[in-house]
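Written out below as structure tokens is the structure these notes cover.
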Amino acid sequence: MIRSQPVLETARNEPLWTATAKLPKFTRLTKNVQADVCIVGAGIAGLSCGYLLMKAGKSVVILDDGPIASGMTSVTTAHLANAIDDRFYEMERLHGEFGSRMAAESHTAAINRIEAISKLEEIDCDFTRLDGYLFLSPGEPEEILDRELAAAHRAGLTDVEKMSRMPWDFYDAGPCLRFPNQGQFHPLKYLSGLAKVIKRGGGRIYTESHADRIEGGAKATVQVGERTVTADAVIVATNSPINDLVAIHTKQAPYMTYVIGARIPRGSVPPALYWDTGPESTQGREAPYHYIRLQRAPGRRAHEYLIVGGEDHKSGQADDTQERHRRLEEWTRNRFPMMEEVEFVWAGQVMETIDGVAFIGRNPLDADNVYVVTGDSGMGMTHGTIAGILLTDLIVGRDNPWAKLYDPTRKTVRAFGTFAKEAINMAAQYTDWVTGGDVSGVEEIGLDQGAVLRRGLRKVAIYRDEQGAMHERSAVCNHLGCIVHWNTAEKTWDCPCHGSRFDKHGKVINGPANDDLAPVEPPSAESNG
Ligand code: FES
């Protein structure tokens, strides 16, 4: 019997952000419409593009298949950093010194832009400037910090400095690098404000409006059921592109990441962004890497929240969410003795590109007027804002010095090792076709849980609801045919190949798949083969 076993029993399985912000509501698309630019996806990237294009004089239509900001933007931890997640010395190795400079410059510009927009439009989103600190994971050599310091200086961040210890009097984490002038905000308050400004300015936002088909050409079109949006250009800002079957998906890989939000006495931890190095010997994100920030607790004077994330793994290739949250809690308690109760736990998905930089620009293999933004690489808030700046420039015909670095068609020869590793991992997932199911009979599936069952040659994704009724869908992901896996804590079906996710009833909630899991014939009509 598969059962959910909550470890952090008092915590809500919900991002802190959705519990502390109210988002404006929009209606679905019910008629054919036209605009200069149609944007698919209303997260940080889609709304930033919509806002900046509108300011540049373009009419915009923004579509989302859920409410606004209901995708990965709602589960971020919203660090606004120009300290690159994958390190500046890696940026130099992969993209050269100029590329590394462009990465620093563009993320700096993104933080500045968010600050400027929130001031100009009077968006109360808790935007704060603060320092960021990079510290060593246990056993990691100090030389990592020295290499990163030199590379950050070469990238133009000359005010980064090395310090002999972290600004913590409660735990000695050893030496660190201080990155001044980083930022943080409440992502949903920001997007709520941005959406209202777009609406006031004449932009049209439609929710519950799923883009079934996207076509570029002289007049680009986006098909939403029976309705059509016609535009001069289309931006696909759906976290993982739904319009591109293969080209980009071989160059990025999905990773799940986990977060806890714990109550601490206000003022007991200096406000800053904190990141540890994670074991450098483990390439990619499958390492106990941690990222930390604070957030004020609405209505509470004496407390605030400590938000700690990490424990990443390749999507669909582990189902131990509660254990990962438990390990995060343990790691945090060992360093932050003032930590009280964990109130929130949640998880999100990061799209890691093979060379550490997002894909933002004209879509490969497509007409000239379809643009894409994907591959957040753990820096989704700044990459989403960079997309707003860069794609606006490309669409209105302005030069942008970052275009080459983010070009989705780029080939980063030095990233071949990572490319090969991810390709082998992805290919290995197809062996799921010939293995057995998670269970041998439906009676093994607990209430409100799911499992994959082999039935003859087919694999069936079966969800048993709280009343005991079974709901069956094909377990074959309709992107490129991998077998989905049940995620016990999130109650989703996750694809281990390119990160598509489906709700417990098989409804697609994250691309690149753009359709729900297919219905299956009732068991009586199936072969027993
Ligand atoms: Fe590509 Fe499922 S996401 S096969």
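Chain identifiers are assigned as A, B, and so on, following the order in which chains appear in the structure tokens; residues are numbered from 1 within each chain, and ligands are numbered from 1 in order of appearance.
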* **Residues within 9 Å of range 225-234 of chain A, only C-alpha atoms, excluding chain neighbours under 6 positions, as JSON, numbers by chain** => {"A": [29, 30, 31, 32, 33, 34, 35, 36, 37, 38, 39, 40, 60, 61, 209, 210, 211, 212, 214, 215, 216, 217, 218, 219, 368, 369, 370, 371, 372, 395]}
Restrict the selected residues to N, CA, C and O atoms and save them as a short mmCIF file (atom, residue, chain, number, x, y, z; two decimals), in the first residue's frame.
```
data_model
loop_
_atom_site.label_atom_id
_atom_site.label_comp_id
_atom_site.auth_asym_id
_atom_site.auth_seq_id
_atom_site.Cartn_x
_atom_site.Cartn_y
_atom_site.Cartn_z
N LEU A 29 -10.65 33.70 -22.80
CA LEU A 29 -10.81 34.26 -24.14
C LEU A 29 -12.09 33.70 -24.77
O LEU A 29 -12.26 32.49 -24.86
N THR A 30 -12.98 34.58 -25.21
CA THR A 30 -14.25 34.10 -25.79
C THR A 30 -14.48 34.60 -27.21
O THR A 30 -15.54 34.40 -27.78
N LYS A 31 -13.50 35.31 -27.78
CA LYS A 31 -13.67 35.79 -29.15
C LYS A 31 -12.30 35.87 -29.83
O LYS A 31 -11.27 35.83 -29.14
N ASN A 32 -12.30 35.98 -31.14
CA ASN A 32 -11.03 36.16 -31.86
C ASN A 32 -10.52 37.57 -31.60
O ASN A 32 -11.31 38.53 -31.60
N VAL A 33 -9.21 37.68 -31.37
CA VAL A 33 -8.64 39.02 -31.11
C VAL A 33 -7.33 39.19 -31.87
O VAL A 33 -6.72 38.20 -32.31
N GLN A 34 -6.91 40.44 -31.99
CA GLN A 34 -5.65 40.77 -32.66
C GLN A 34 -4.81 41.65 -31.74
O GLN A 34 -5.36 42.38 -30.91
N ALA A 35 -3.51 41.56 -31.91
CA ALA A 35 -2.62 42.43 -31.12
C ALA A 35 -1.28 42.51 -31.86
O ALA A 35 -1.02 41.71 -32.77
N ASP A 36 -0.45 43.45 -31.46
CA ASP A 36 0.91 43.47 -32.02
C ASP A 36 1.66 42.22 -31.56
O ASP A 36 2.36 41.58 -32.34
N VAL A 37 1.54 41.91 -30.28
CA VAL A 37 2.27 40.76 -29.72
C VAL A 37 1.33 39.93 -28.85
O VAL A 37 0.60 40.48 -28.02
N CYS A 38 1.35 38.62 -29.06
CA CYS A 38 0.62 37.70 -28.19
C CYS A 38 1.65 36.96 -27.33
O CYS A 38 2.64 36.43 -27.86
N ILE A 39 1.43 36.95 -26.03
CA ILE A 39 2.36 36.31 -25.10
C ILE A 39 1.64 35.13 -24.46
O ILE A 39 0.55 35.29 -23.92
N VAL A 40 2.25 33.96 -24.54
CA VAL A 40 1.65 32.77 -23.94
C VAL A 40 2.38 32.50 -22.63
O VAL A 40 3.58 32.19 -22.62
N VAL A 60 -0.74 44.36 -26.54
CA VAL A 60 -0.40 43.00 -26.13
C VAL A 60 -1.64 42.23 -25.68
O VAL A 60 -2.56 42.79 -25.08
N VAL A 61 -1.62 40.93 -26.02
CA VAL A 61 -2.59 39.98 -25.47
C VAL A 61 -1.78 38.92 -24.74
O VAL A 61 -0.82 38.37 -25.29
N SER A 209 -7.15 29.93 -20.50
CA SER A 209 -7.17 29.95 -21.96
C SER A 209 -5.93 29.23 -22.48
O SER A 209 -4.84 29.82 -22.56
N HIS A 210 -6.08 27.95 -22.75
CA HIS A 210 -4.95 27.09 -23.11
C HIS A 210 -4.57 27.28 -24.58
O HIS A 210 -5.42 27.16 -25.47
N ALA A 211 -3.31 27.56 -24.86
CA ALA A 211 -2.84 27.69 -26.25
C ALA A 211 -2.66 26.30 -26.84
O ALA A 211 -1.74 25.58 -26.45
N ASP A 212 -3.54 25.92 -27.76
CA ASP A 212 -3.45 24.58 -28.35
C ASP A 212 -2.40 24.50 -29.44
O ASP A 212 -1.75 23.48 -29.61
N ILE A 214 0.52 26.99 -31.87
CA ILE A 214 1.18 28.28 -32.11
C ILE A 214 1.84 28.21 -33.47
O ILE A 214 2.60 27.27 -33.74
N GLU A 215 1.56 29.18 -34.33
CA GLU A 215 2.19 29.17 -35.66
C GLU A 215 2.73 30.55 -35.98
O GLU A 215 2.01 31.54 -35.87
N GLY A 216 4.01 30.58 -36.41
CA GLY A 216 4.59 31.84 -36.85
C GLY A 216 4.25 32.08 -38.30
O GLY A 216 3.48 31.35 -38.92
N GLY A 217 4.82 33.13 -38.86
CA GLY A 217 4.54 33.44 -40.27
C GLY A 217 4.17 34.90 -40.39
O GLY A 217 4.25 35.65 -39.42
N ALA A 218 3.77 35.28 -41.61
CA ALA A 218 3.47 36.69 -41.87
C ALA A 218 2.55 37.24 -40.79
O ALA A 218 2.76 38.31 -40.24
N LYS A 219 1.51 36.49 -40.51
CA LYS A 219 0.68 36.79 -39.34
C LYS A 219 0.74 35.57 -38.43
O LYS A 219 0.28 34.49 -38.81
N ASP A 368 10.46 33.69 -38.11
CA ASP A 368 11.19 34.78 -37.47
C ASP A 368 10.44 35.46 -36.34
O ASP A 368 11.04 36.15 -35.53
N ASN A 369 9.13 35.31 -36.33
CA ASN A 369 8.37 36.11 -35.37
C ASN A 369 7.81 35.30 -34.20
O ASN A 369 6.85 35.70 -33.57
N VAL A 370 8.43 34.14 -33.91
CA VAL A 370 8.08 33.41 -32.69
C VAL A 370 9.31 33.44 -31.77
O VAL A 370 10.41 33.08 -32.18
N TYR A 371 9.09 33.90 -30.57
CA TYR A 371 10.17 34.08 -29.60
C TYR A 371 9.93 33.17 -28.41
O TYR A 371 8.79 32.79 -28.12
N VAL A 372 11.00 32.85 -27.71
CA VAL A 372 10.87 31.91 -26.61
C VAL A 372 11.70 32.40 -25.42
O VAL A 372 12.71 33.09 -25.61
N ILE A 395 11.92 42.74 -30.63
CA ILE A 395 10.65 42.94 -31.34
C ILE A 395 10.53 44.36 -31.89
O ILE A 395 10.03 44.56 -32.99
#
```
* To do: Step one, run DSSP on the backbone; step two, keep only residues of range 279-517 of chain A assigned to strand (DSSP E or B); then write them as a PyMOL selection string.
  => chain A and resi 290-296+303-314+342-353+359-362+370-374+439+445+449-455+458-464+470-474+476+483+485-487+492-494+501-503+508-510
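Taking only C-alpha atoms and all ligand atoms into account, ligand 1 has within 9 Å the residues A:Leu245, A:Val246, A:His249, A:Met426, A:Val476, A:Cys477, A:Asn478, A:His479, A:Leu480, A:Gly481, A:Cys482, A:Ile483, A:Val484, A:Asp494, A:Cys495, A:Pro496, A:Cys497, A:His498, A:Gly499, A:Ser500, A:Arg501, A:Asn510, A:Gly511, A:Pro512, A:Ala513.
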* **Ile144 in chain A environment, 10 Å, only C-alpha atoms, sequence neighbours closer than 6 positions dropped, as a count of residues only** => 6
* Give the answer as one residue: which of A:Asp126, A:Asp159, A:Asp393, A:Asp312 has the shortest atom-to-atom distance to Ala297 in chain A, using only C-alpha atoms? => A:Asp126
* Asked: Could you pull out all residues of range 68-169 of chain A with a DSSP call of alpha helix (DSSP H) and give them as a VMD selection string?
  -> chain A and resid 88 to 120 143 to 154
* **All residues 7 Å or closer to Tyr406 in chain A, only C-alpha atoms, same chain fewer than 6 positions away omitted, as a list in words** => Val357, Ala358, Phe359, Ile360 and Gly361 of chain A
* Asked: Could you name the residues that touch Ile462 in chain A at 12 Å or less, counting only C-alpha atoms, but leaving out those on the same chain fewer than 2 positions away, as a VMD selection string?
  -> chain A and resid 437 to 455 459 to 460 464 to 465 468 to 475 484 to 486 491 to 493 503 to 506 517 519 to 520 522 to 523
